[in-house]
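**Q** There's a structure below that I have some questions on.
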Amino acid sequence: MIDIIVQAKPVGIEWLSYSPPGWGRNLLQGLASTIQIAIGAYLLGTTIGLLGALGKLHGGPVTRFVLEVYTTIIRAVPELVLILLLYYAGTDLLNRSLAALGYERVDISGLAAGIYVIGFVMGAYATEVLRGGIQAVPVGQIEAAKAYGMPFWQRYRRITIPAMIPFALPGMANLWLIVTKDTALLAVVGFTELATVTKQAAGTTREYLMFYLAAAALYLSLSLISTVFFRWLERRYRRGQAVPA
């Protein structure tokens, strides 16, 4: 007589278990991909924003015009349209340029493409946030640095940027939260992150409400942890400053 073992199908919360056939491991891997893209895009966007702010404040007429066009267009067009445009047009332009130079076409990884696309979009917003932070630095501190004979880049490195950080941190914290949510838009170009994994899990198990609630809880947890970190960072950089009553 042959014994037939029938494995019970998971029900309810069991679909979120870490081991198969649960989808818990996949959701956490998707969250890890989301964090990777968000960190890379945030660093790239902050670099672009700092260079853009310096260009707007100290660049020539052509530099200021180009940066004004960049920030205006990026902030006016929806992020989804920009992601599709930059991903497909940017990849095609790169391969056309390589072909014209005699090189073979390259396949850009989803991680690199996601960082590039979201970072480029965030750079426009970071440009305005950092420009406002730099302009908020008291003029007296800059004049004192000039009186001590500090050259331009030394003033920026030792005076302007450290003094600018407390003014720019709230805006940069908001941009980080926006970037973490914008990673979900990469699902339209086929990159696997938390939103994509959630869609796959919900479609496979038909447990739409449970999986989307789980994804929302993961996004919320990431946002709460980020908020606590940025508040600590702001308190640290505001030490010694007068606090309004």
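Here's how to read the names in the structure tokens: chain A, B, ... by the order shown, residue numbers from 1 in each chain, ligand numbers from 1 in the order shown.
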Name all residues at most 12 Å from stretch 98-109 of chain A (count only C-alpha atoms; drop same-chain ones fewer than 2 positions away) and give them as a PyMOL selection string.

**A** chain A and resi 37+87-88+90-96+111-117+189-192

**Q** Excluding A:Ala168 and any residue of its chain fewer than 5 positions from it, enumerate the residues within 8 Å of it, using only C-alpha atoms, and give them as a list in words.

**A**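 Surrounding residues, per the criterion: Val129, Leu130, Gly132 and Gly133 of chain A.
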
**Q** Dump N, CA and C atoms for the selected residues as a tab-separated table (two decimals), in the first residue's frame?

**A**
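Result went into part_36.tsv, see below:
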chain	number	residue	atom	x	y	z
A	129	VAL	N	17.07	72.66	-3.06
A	129	VAL	CA	17.15	72.54	-1.59
A	129	VAL	C	18.50	73.03	-1.10
A	130	LEU	N	19.57	72.59	-1.74
A	130	LEU	CA	20.92	72.96	-1.30
A	130	LEU	C	21.22	74.43	-1.61
A	132	GLY	N	19.03	76.84	-1.50
A	132	GLY	CA	18.38	77.58	-0.42
A	132	GLY	C	19.14	77.46	0.89
A	133	GLY	N	19.71	76.25	1.16
A	133	GLY	CA	20.48	76.08	2.38
A	133	GLY	C	21.74	76.94	2.39

**Q** Using only C-alpha atoms, determine which residues lie at most 8 Å from stretch 64-78 of chain A, disregarding the query and same-chain residues fewer than 5 positions distant; provide the list as a VMD selection string.

**A** chain A and resid 52 55 to 57 59 121 124 to 125 127

**Q** Restrict the selected residues to C-alpha atoms and save them as a compact mmCIF listing (two decimals), in the first residue's frame.

**A**
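New file again-v7.txt:
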# COMPACT_ATOMS: atom_id res chain seq x y z
CA GLY A 52 23.99 72.40 -9.43
CA GLY A 55 26.60 76.44 -10.53
CA LYS A 56 23.43 78.46 -9.96
CA LEU A 57 25.06 80.64 -7.33
CA GLY A 59 28.38 79.96 -12.43
CA VAL A 121 15.59 63.18 -11.25
CA ALA A 124 16.97 68.73 -9.76
CA TYR A 125 15.13 68.92 -6.44
CA THR A 127 19.77 71.59 -6.43

**Q** Assign secondary structure with DSSP using the backbone only, and return the residues of stretch 56-155 of chain A in helix (DSSP H, G or I) as a ChimeraX atom specification.

**A** /A:56-58,61-76,79-100,110-135,139-147,152-155

**Q** Using only C-alpha atoms, find the one residue out of A:Ser226, A:Trp232, A:Ser17, A:Ala195 that sits nearest to A:Leu213.

**A** A:Ala195

**Q** My list of candidates is A:Ala214, A:Ile134, A:Leu84, A:Ile161. Which is closest to A:Ala202 when distances are computed with only C-alpha atoms?

**A**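 Among the listed residues, A:Ala214 lies closest to A:Ala202.
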
**Q** What gap, in Å, lies between atom CA of A:Gly123 and atom CA of A:Lys199?

**A** 29.0 Å

**Q** Identify which of the residues A:Lys181, A:Arg236, A:His58, A:Arg157 lies closest to A:Leu169, counting only C-alpha atoms when measuring atom-to-atom distances.

**A**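 With only C-alpha atoms as the atom set, the closest residue is A:Arg236.
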
**Q** With distances taken over only C-alpha atoms, which residue among A:Thr47, A:Thr227, A:Ser33, A:Ser97 lies nearest A:Ala173?

**A**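 The closest residue to A:Ala173 is A:Thr227.
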
**Q** Could you check which of A:Tyr237, A:Tyr219, A:Phe229, A:Phe211 is closest to A:Ala163, using only C-alpha atoms?

**A**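 Selected residue with least distance to A:Ala163: A:Tyr237.
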
**Q** Provide the atom CA of A:Thr204 to atom CA of A:Val179 distance in Å, to one decimal place.

**A**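 These atoms are spaced 28.0 Å apart.
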